[in-house]
>>> print(open('work.csv').read())   # CSV, C-alpha atoms
chain,number,residue,atom,x,y,z
A,1,MET,CA,-60.4,-44.5,177.1
A,2,GLN,CA,-61.2,-44.1,180.8
A,3,HIS,CA,-59.8,-40.9,182.4
A,4,PHE,CA,-59.1,-40.2,186.0
A,5,ALA,CA,-58.4,-37.1,188.0
A,6,LEU,CA,-55.6,-37.5,190.5
A,7,THR,CA,-55.1,-35.0,193.3
A,8,ILE,CA,-52.0,-35.0,195.5
A,9,ILE,CA,-51.3,-32.7,198.3
A,10,GLY,CA,-48.6,-32.5,201.0
A,11,ARG,CA,-46.0,-30.3,202.6
A,12,ASP,CA,-43.8,-28.8,199.9
A,13,ARG,CA,-40.3,-30.1,199.4
A,14,PRO,CA,-38.1,-30.8,196.3
A,15,GLY,CA,-38.8,-34.0,194.5
A,16,ILE,CA,-42.6,-34.4,194.8
A,17,VAL,CA,-43.2,-34.0,191.1
A,18,SER,CA,-40.5,-36.4,190.2
A,19,GLN,CA,-41.7,-39.1,192.7
A,20,VAL,CA,-45.3,-38.8,191.5
A,21,THR,CA,-44.5,-38.7,187.8
A,22,GLU,CA,-42.1,-41.7,188.1
A,23,ILE,CA,-44.9,-43.8,189.4
A,24,LEU,CA,-47.2,-42.6,186.6
A,25,PHE,CA,-44.5,-43.2,184.0
A,26,ARG,CA,-43.9,-46.7,185.3
A,27,LEU,CA,-47.7,-47.4,185.2
A,28,GLY,CA,-47.8,-46.2,181.6
A,29,CYS,CA,-50.2,-43.3,182.4
A,30,ASN,CA,-50.7,-40.3,180.1
A,31,ILE,CA,-50.9,-36.9,181.7
A,32,ALA,CA,-53.5,-35.1,179.6
A,33,ASP,CA,-53.8,-32.0,181.6
A,34,SER,CA,-52.3,-30.8,184.9
A,35,SER,CA,-51.8,-27.9,187.2
A,36,CYS,CA,-49.5,-27.9,190.2
A,37,SER,CA,-48.8,-25.1,192.6
A,38,ILE,CA,-47.7,-24.2,196.1
A,39,LEU,CA,-50.6,-23.1,198.4
A,40,GLY,CA,-49.4,-22.1,201.8
A,41,GLY,CA,-46.7,-24.6,202.6
A,42,GLN,CA,-48.5,-27.3,200.7
A,43,PHE,CA,-47.6,-28.5,197.2
A,44,SER,CA,-50.8,-29.5,195.4
A,45,MET,CA,-51.1,-31.4,192.1
A,46,ILE,CA,-54.2,-31.9,190.0
A,47,LEU,CA,-53.8,-34.1,187.0
A,48,ILE,CA,-56.1,-35.7,184.4
A,49,LEU,CA,-54.8,-39.1,183.5
A,50,SER,CA,-55.5,-42.0,181.2
A,51,ASN,CA,-54.0,-45.4,180.8
A,52,PRO,CA,-55.1,-47.9,178.1
A,53,ALA,CA,-54.6,-50.7,180.6
A,54,ILE,CA,-56.5,-49.2,183.5
A,55,ASN,CA,-60.3,-49.1,183.5
A,56,SER,CA,-61.2,-48.7,187.1
A,57,LYS,CA,-59.7,-47.0,190.2
A,58,GLU,CA,-59.0,-50.4,191.7
A,59,ASP,CA,-56.6,-51.2,188.9
A,60,PHE,CA,-54.1,-48.7,190.4
A,61,GLY,CA,-53.8,-51.0,193.3
A,62,ASP,CA,-51.3,-49.8,195.8
A,63,ALA,CA,-49.2,-47.9,193.2
A,64,PHE,CA,-49.6,-44.7,195.2
A,65,ALA,CA,-48.8,-46.2,198.6
A,66,PRO,CA,-45.2,-44.9,198.5
A,67,LEU,CA,-46.6,-41.3,198.2
A,68,GLU,CA,-48.9,-41.9,201.2
A,69,ALA,CA,-45.8,-43.2,203.0
A,70,ASN,CA,-44.1,-39.9,202.3
A,71,ASN,CA,-47.0,-37.9,203.9
A,72,LEU,CA,-48.7,-37.0,200.6
A,73,SER,CA,-52.5,-37.4,200.4
A,74,VAL,CA,-53.6,-39.0,197.2
A,75,PHE,CA,-57.1,-39.0,195.8
A,76,ILE,CA,-58.4,-40.5,192.6
A,77,ARG,CA,-61.6,-39.6,190.9
A,78,THR,CA,-63.0,-41.7,188.1
A,79,LEU,CA,-64.3,-39.4,185.3
A,80,LYS,CA,-67.5,-40.0,183.5
A,81,GLU,CA,-67.3,-40.3,179.8
A,82,GLY,CA,-66.3,-37.1,178.2
A,83,GLY,CA,-65.3,-35.6,181.5
A,84,GLU,CA,-61.7,-35.1,180.3
A,85,LEU,CA,-62.8,-32.8,177.4
A,86,ARG,CA,-62.8,-29.1,178.0
A,87,PRO,CA,-66.2,-27.6,177.1
A,88,GLU,CA,-66.2,-25.0,174.4
A,89,LEU,CA,-65.9,-21.8,176.2
A,90,GLU,CA,-67.2,-18.8,174.4
A,91,GLY,CA,-67.3,-15.2,175.5
A,92,GLU,CA,-65.2,-12.2,176.3
A,93,LEU,CA,-62.4,-12.8,178.8
A,94,CYS,CA,-62.1,-10.4,181.7
A,95,MET,CA,-59.8,-10.0,184.7
A,96,ILE,CA,-61.1,-8.9,188.0
A,97,SER,CA,-58.7,-7.8,190.8
A,98,VAL,CA,-60.1,-7.5,194.3
A,99,TYR,CA,-57.9,-6.4,197.2
A,100,GLY,CA,-58.3,-4.8,200.5
A,101,ALA,CA,-58.3,-5.3,204.3
A,102,ASP,CA,-59.0,-9.0,205.0
A,103,LYS,CA,-62.6,-9.8,206.1
A,104,PRO,CA,-64.9,-12.7,205.8
A,105,GLY,CA,-66.9,-13.2,202.7
A,106,ILE,CA,-64.8,-11.4,200.0
A,107,VAL,CA,-64.5,-14.5,197.8
A,108,TYR,CA,-68.1,-15.5,198.3
A,109,GLN,CA,-69.7,-12.2,197.6
A,110,VAL,CA,-67.7,-11.5,194.5
A,111,ALA,CA,-68.3,-15.0,193.2
A,112,LYS,CA,-72.0,-14.8,193.9
A,113,GLU,CA,-72.4,-11.6,191.8
A,114,LEU,CA,-70.8,-13.5,188.9
A,115,GLY,CA,-72.4,-16.9,189.5
A,116,ASP,CA,-75.9,-15.4,189.7
A,117,ARG,CA,-75.4,-13.9,186.3
A,118,ASN,CA,-74.1,-17.1,184.8
A,119,ILE,CA,-70.6,-15.7,184.4
A,120,ASN,CA,-68.1,-18.6,184.3
A,121,ILE,CA,-65.0,-18.2,186.5
A,122,THR,CA,-62.2,-19.9,184.6
A,123,ASP,CA,-59.4,-19.1,187.0
A,124,LEU,CA,-59.3,-17.8,190.5
A,125,ASN,CA,-56.5,-17.4,193.0
A,126,THR,CA,-56.3,-15.7,196.3
A,127,LYS,CA,-53.4,-14.7,198.6
A,128,LEU,CA,-53.2,-13.2,202.0
A,129,ILE,CA,-50.4,-10.7,202.0
A,130,GLY,CA,-49.2,-7.8,204.1
A,131,LYS,CA,-48.2,-7.5,207.8
A,132,GLN,CA,-49.8,-9.8,210.4
A,133,ASN,CA,-51.5,-6.9,212.2
A,134,SER,CA,-52.9,-5.5,208.9
A,135,PRO,CA,-53.4,-8.4,206.5
A,136,VAL,CA,-54.4,-7.6,203.0
A,137,TYR,CA,-56.5,-10.0,200.9
A,138,VAL,CA,-55.8,-10.2,197.2
A,139,MET,CA,-58.0,-12.1,194.7
A,140,MET,CA,-57.5,-12.4,191.0
A,141,ILE,CA,-60.3,-13.8,188.9
A,142,GLU,CA,-60.4,-14.6,185.3
A,143,ALA,CA,-64.0,-14.9,184.0
A,144,LEU,CA,-65.7,-15.4,180.7
A,145,LEU,CA,-68.5,-13.0,180.0
A,146,PRO,CA,-71.4,-14.6,178.1
A,147,GLU,CA,-72.9,-12.8,175.2
A,148,GLY,CA,-74.9,-9.8,176.2
A,149,ILE,CA,-72.8,-9.0,179.2
A,150,GLU,CA,-70.2,-6.2,178.7
A,151,VAL,CA,-67.2,-5.4,180.9
A,152,GLU,CA,-68.9,-2.1,181.8
A,153,ALA,CA,-71.8,-3.9,183.3
A,154,VAL,CA,-69.5,-6.0,185.5
A,155,GLU,CA,-67.7,-2.8,186.5
A,156,GLY,CA,-71.1,-1.4,187.6
A,157,TRP,CA,-71.9,-4.5,189.8
A,158,MET,CA,-68.4,-4.4,191.2
A,159,ALA,CA,-68.6,-0.7,192.1
A,160,GLU,CA,-71.6,-1.5,194.4
A,161,LEU,CA,-69.7,-4.4,195.9
A,162,LYS,CA,-66.7,-2.2,196.5
A,163,GLN,CA,-68.8,0.1,198.6
A,164,ARG,CA,-70.4,-2.8,200.5
A,165,LEU,CA,-67.2,-4.7,201.2
A,166,GLN,CA,-64.9,-1.7,201.5
A,167,VAL,CA,-62.3,-3.2,199.1
A,168,ASP,CA,-60.8,-2.1,195.9
A,169,ILE,CA,-62.0,-3.8,192.8
A,170,SER,CA,-60.9,-3.3,189.2
A,171,VAL,CA,-62.2,-5.0,186.1
A,172,ARG,CA,-60.6,-5.0,182.7
A,173,SER,CA,-61.1,-7.0,179.5
A,174,LEU,CA,-58.3,-9.3,178.5
A,175,LEU,CA,-57.5,-8.8,174.9
A,176,ALA,CA,-57.6,-12.2,173.2
A,177,VAL,CA,-56.3,-12.3,169.6
A,178,GLU,CA,-55.7,-15.0,167.1
A,179,LEU,CA,-52.7,-14.3,164.9
B,1,MET,CA,-49.6,-16.5,143.7
B,2,ALA,CA,-51.0,-19.2,145.8
B,3,VAL,CA,-52.6,-20.1,149.1
B,4,LYS,CA,-50.0,-22.1,151.0
B,5,GLU,CA,-50.4,-24.5,153.8
B,6,VAL,CA,-49.8,-23.0,157.2
B,7,LEU,CA,-47.1,-25.1,158.9
B,8,LEU,CA,-47.8,-26.3,162.4
B,9,TYR,CA,-45.3,-26.7,165.2
B,10,PRO,CA,-43.2,-29.0,165.5
B,11,ASP,CA,-42.2,-28.2,161.9
B,12,PRO,CA,-38.5,-27.2,162.4
B,13,ARG,CA,-38.8,-24.2,160.0
B,14,LEU,CA,-40.9,-22.4,162.6
B,15,LYS,CA,-37.9,-22.4,165.0
B,16,GLU,CA,-35.4,-21.1,162.4
B,17,VAL,CA,-33.8,-17.6,162.4
B,18,CYS,CA,-34.8,-16.4,159.0
B,19,THR,CA,-32.3,-14.8,156.6
B,20,ALA,CA,-32.5,-11.2,155.5
B,21,ILE,CA,-33.6,-10.6,151.9
B,22,ASP,CA,-31.0,-8.7,150.0
B,23,GLY,CA,-31.7,-9.0,146.3
B,24,PHE,CA,-35.2,-7.8,145.6
B,25,ASP,CA,-36.2,-10.2,142.8
B,26,GLU,CA,-39.4,-11.7,141.6
B,27,SER,CA,-39.3,-14.5,144.1
B,28,VAL,CA,-39.8,-11.8,146.8
B,29,THR,CA,-42.9,-10.5,145.1
B,30,THR,CA,-44.2,-14.0,144.8
B,31,LEU,CA,-43.5,-14.7,148.4
B,32,LEU,CA,-45.4,-11.5,149.5
B,33,GLN,CA,-48.3,-12.5,147.3
B,34,ASP,CA,-48.4,-16.0,148.7
B,35,LEU,CA,-48.4,-14.6,152.2
B,36,VAL,CA,-51.3,-12.2,151.4
B,37,ASP,CA,-53.2,-15.0,149.7
B,38,THR,CA,-52.7,-17.3,152.6
B,39,MET,CA,-53.7,-14.7,155.1
B,40,VAL,CA,-56.9,-13.9,153.2
B,41,ASP,CA,-57.6,-17.6,152.8
B,42,THR,CA,-57.3,-18.4,156.5
B,43,GLY,CA,-60.1,-15.9,157.1
B,44,HIS,CA,-59.6,-15.2,160.7
B,45,SER,CA,-55.9,-14.4,160.4
B,46,VAL,CA,-54.5,-10.9,160.6
B,47,GLY,CA,-50.9,-11.7,159.7
B,48,VAL,CA,-48.6,-14.4,158.3
B,49,ALA,CA,-44.9,-14.7,158.5
B,50,ALA,CA,-42.8,-16.4,155.7
B,51,PRO,CA,-41.6,-19.3,157.9
B,52,GLN,CA,-45.2,-20.2,158.5
B,53,ILE,CA,-45.5,-21.1,154.9
B,54,GLY,CA,-42.1,-22.8,154.8
B,55,ASP,CA,-40.0,-19.9,153.4
B,56,VAL,CA,-37.3,-18.9,155.9
B,57,ARG,CA,-36.7,-15.4,154.5
B,58,ARG,CA,-37.5,-12.3,156.5
B,59,ALA,CA,-40.9,-11.2,155.2
B,60,VAL,CA,-44.3,-10.8,156.8
B,61,VAL,CA,-47.7,-9.5,155.9
B,62,VAL,CA,-50.1,-7.9,158.4
B,63,ASP,CA,-53.6,-6.6,158.0
B,64,VAL,CA,-55.8,-5.9,161.0
B,65,SER,CA,-58.3,-3.7,159.1
B,66,HIS,CA,-60.7,-6.6,158.5
B,67,SER,CA,-60.8,-7.9,162.0
B,68,LYS,CA,-63.5,-6.9,164.4
B,69,LEU,CA,-61.0,-5.4,166.9
B,70,GLY,CA,-58.6,-3.9,164.4
B,71,LYS,CA,-61.0,-2.0,162.3
B,72,LYS,CA,-62.0,0.1,165.4
B,73,GLN,CA,-58.4,1.2,165.8
B,74,LYS,CA,-55.9,3.2,163.9
B,75,ASN,CA,-54.2,1.0,161.3
B,76,HIS,CA,-52.3,0.9,158.0
B,77,GLY,CA,-54.4,-1.6,156.2
B,78,LEU,CA,-52.4,-4.2,154.3
B,79,LEU,CA,-48.7,-4.1,155.2
B,80,GLN,CA,-46.2,-6.2,153.2
B,81,MET,CA,-42.9,-6.1,155.0
B,82,VAL,CA,-39.5,-7.2,153.9
B,83,ASN,CA,-36.7,-7.3,156.5
B,84,PRO,CA,-38.9,-5.6,159.1
B,85,GLU,CA,-37.2,-4.3,162.2
B,86,ILE,CA,-38.7,-2.7,165.3
B,87,ILE,CA,-36.6,0.3,166.0
B,88,GLU,CA,-38.6,1.8,168.8
B,89,LYS,CA,-40.9,0.4,171.5
B,90,GLU,CA,-43.0,2.1,174.0
B,91,GLY,CA,-45.5,1.0,176.7
B,92,ASP,CA,-46.5,-2.4,177.8
B,93,GLN,CA,-49.7,-4.4,177.3
B,94,VAL,CA,-50.7,-7.9,178.2
B,95,VAL,CA,-52.5,-9.8,175.5
B,96,ARG,CA,-53.8,-13.3,175.2
B,97,GLU,CA,-52.4,-14.5,172.0
B,98,GLY,CA,-53.1,-17.5,169.8
B,99,CYS,CA,-51.2,-18.6,166.7
B,100,MET,CA,-52.3,-20.6,163.7
B,101,SER,CA,-49.1,-22.6,163.9
B,102,VAL,CA,-49.8,-23.6,167.5
B,103,PRO,CA,-53.5,-24.5,167.4
B,104,ASP,CA,-55.7,-24.9,170.4
B,105,TYR,CA,-53.6,-22.9,172.8
B,106,THR,CA,-53.4,-19.3,173.9
B,107,GLY,CA,-51.1,-17.6,176.3
B,108,ASN,CA,-50.7,-14.3,178.0
B,109,VAL,CA,-47.8,-12.3,176.4
B,110,ASN,CA,-46.4,-8.9,177.1
B,111,ARG,CA,-46.1,-6.7,174.1
B,112,ALA,CA,-45.1,-3.1,173.5
B,113,GLU,CA,-48.1,-0.8,173.1
B,114,ARG,CA,-46.6,1.4,170.4
B,115,ILE,CA,-43.8,0.6,168.0
B,116,VAL,CA,-41.9,2.2,165.2
B,117,VAL,CA,-41.1,-0.4,162.5
B,118,GLN,CA,-38.8,-0.1,159.5
B,119,PHE,CA,-39.1,-2.3,156.5
B,120,ARG,CA,-38.9,-2.5,152.7
B,121,ASP,CA,-42.3,-2.5,151.0
B,122,ARG,CA,-43.4,-4.4,147.9
B,123,GLN,CA,-41.8,-1.8,145.7
B,124,ASP,CA,-38.5,-2.1,147.6
B,125,ASP,CA,-39.0,1.3,149.1
B,126,LEU,CA,-37.8,1.9,152.7
B,127,GLN,CA,-40.7,2.7,155.0
B,128,VAL,CA,-40.9,3.7,158.6
B,129,ILE,CA,-44.2,3.6,160.3
B,130,ARG,CA,-45.7,4.0,163.8
B,131,ALA,CA,-48.1,1.3,164.8
B,132,GLU,CA,-50.2,0.9,168.0
B,133,GLY,CA,-52.8,-1.3,169.6
B,134,PHE,CA,-53.8,-4.5,167.8
B,135,GLU,CA,-51.7,-3.7,164.7
B,136,ALA,CA,-48.6,-3.3,166.9
B,137,ILE,CA,-49.3,-6.6,168.6
B,138,ALA,CA,-49.7,-8.3,165.2
B,139,ILE,CA,-46.5,-6.9,163.9
B,140,GLN,CA,-44.5,-7.9,167.0
B,141,HIS,CA,-46.0,-11.4,166.8
B,142,GLU,CA,-45.1,-11.9,163.1
B,143,ILE,CA,-41.6,-10.5,163.5
B,144,ASP,CA,-41.1,-12.9,166.3
B,145,HIS,CA,-41.7,-15.7,163.8
B,146,LEU,CA,-38.7,-14.5,161.8
B,147,ASP,CA,-36.5,-15.1,164.8
B,148,GLY,CA,-37.9,-18.5,165.5
B,149,HIS,CA,-39.9,-17.3,168.5
B,150,LEU,CA,-43.4,-18.6,169.1
B,151,PHE,CA,-45.7,-16.9,171.5
B,152,LEU,CA,-45.0,-19.9,173.7
B,153,ASP,CA,-41.5,-18.4,174.2
B,154,ARG,CA,-43.0,-15.2,175.4
B,155,VAL,CA,-45.6,-16.4,177.9
B,156,THR,CA,-45.2,-14.3,181.0
B,157,SER,CA,-47.3,-15.6,184.0
B,158,LEU,CA,-47.5,-19.2,185.0
B,159,LYS,CA,-51.1,-19.6,186.0
B,160,THR,CA,-53.5,-20.9,183.4
B,161,ASP,CA,-51.5,-19.3,180.7
B,162,LEU,CA,-51.8,-22.2,178.4
B,163,PHE,CA,-55.4,-22.0,177.9
B,164,ARG,CA,-57.3,-24.1,175.5
B,165,ARG,CA,-58.6,-21.9,172.9
B,166,LYS,CA,-62.2,-22.1,171.8
B,167,GLN,CA,-62.4,-24.4,168.8
B,168,LYS,CA,-63.2,-22.9,165.5
>>> encode(input="work.csv", output="structure tokens")
Amino acid sequence: MQHFALTIIGRDRPGIVSQVTEILFRLGCNIADSSCSILGGQFSMILILSNPAINSKEDFGDAFAPLEANNLSVFIRTLKEGGELRPELEGELCMISVYGADKPGIVYQVAKELGDRNINITDLNTKLIGKQNSPVYVMMIEALLPEGIEVEAVEGWMAELKQRLQVDISVRSLLAVEL
Amino acid sequence: MAVKEVLLYPDPRLKEVCTAIDGFDESVTTLLQDLVDTMVDTGHSVGVAAPQIGDVRRAVVVDVSHSKLGKKQKNHGLLQMVNPEIIEKEGDQVVREGCMSVPDYTGNVNRAERIVVQFRDRQDDLQVIRAEGFEAIAIQHEIDHLDGHLFLDRVTSLKTDLFRRKQK
């Protein structure tokens, strides 16, 4: 079945989820996977959808026009075959907390250390907190360490970055158990 | 003495509050053996609770000594517990748990780091033990099953908690 990624974003208010999902329900769409959250004052929704009767983006017609009329931005992406399937993720999970005085490049430089070593970031979120005259940047990363990379090694790389960026960074493994 | 099928949610027995065992008859011994056999047969598992094999009585088995993580830590080997009860909890740890009865998902759960648990063993003797680390996590997870709680009821943070587990 053809799958689509639907992204919706707009100023947060009560009722967005119900308005969006009512449209999807009436269209007969399945929501296979989704994540929705408030970022700044914006509510953002990302959903992976399928519908046995819908094969192309055009088939949605103007179904989402009422959302646009309510100041929500709507974007649909057509997934390639298999694009709805989560790849098998193997490795040791680790959490990296980065926080300190706000400055440009925190996200990029931490992400680069990981990306260059083929470490997959599976979740990342950042927040600007603190007082206006002394903003603090907080970033939480969940990453999957491929075989051969230990948490201690990541700690080592992060210790260098910590000096360079003058931020605090801690790394810990996230115990994952099957019971 | 048999390997039983591990029930999957939404089987209603997984949401039942199990009943305490008060006459220690042969059926209890059989239940414990079935739990052990099932745990061993499922290979990767470090514990099974009675409702997971369809028996809604308060019994669990736990053995972390064969797991990669558990064998590095202090543990009691095979524990066969009837009417287990946690009587003391200490510390706090976040752990990403998965459960045989809820395949394909894992979630971050808060568990006590160290526990004192009281139970009757296979000989019907009262035991009180201290457990920590992975063994403590496994015991808390299995006892939750006896109250109809799945790890899904314990997930703490919202973001990405429901995380597709790597397929076996």
>>> atom_distance(input="work.csv", atom1="atom CA of B:Gly23", atom2="atom CA of B:Ala138")
26.1 Å
>>> closest_atom_pairs(input="work.csv", of="chain A", to="chain B", cutoff="9 Å", atoms="only C-alpha atoms", output="tab-separated table")
residue	atom	partner	partner_atom	distance
A:Ser35	CA	B:Thr160	CA	8.1
A:Ser37	CA	B:Lys159	CA	8.9
A:Arg86	CA	B:Arg164	CA	7.8
A:Pro87	CA	B:Lys166	CA	8.6
A:Glu88	CA	B:Lys166	CA	5.6
A:Leu89	CA	B:Lys166	CA	5.8
A:Glu90	CA	B:Lys166	CA	6.5
A:Thr122	CA	B:Thr160	CA	8.8
A:Asp123	CA	B:Thr160	CA	7.1
A:Leu174	CA	B:Val95	CA	6.5
A:Leu175	CA	B:Val95	CA	5.1
A:Ala176	CA	B:Arg96	CA	4.4
A:Val177	CA	B:Glu97	CA	5.1
A:Glu178	CA	B:Gly98	CA	4.5
A:Leu179	CA	B:Cys99	CA	4.9
>>> closest_residue(input="work.csv", among="B:Ile143, B:Val82, B:Ala112, B:Ala20", to="B:Leu126", atoms="all atoms listed in the file")
B:Val82
>>> atom_distance(input="work.csv", atom1="atom CA of A:Arg77", atom2="atom CA of A:Ile38")
21.4 Å
>>> residues_around(input="work.csv", residues="stretch 153-170 of chain A", least_positions_apart="3", cutoff="9 Å", atoms="all atoms listed in the file", output="MDAnalysis selection string")
chainID A and resid 95:103 105:106 109:110 113:114 145 149:150
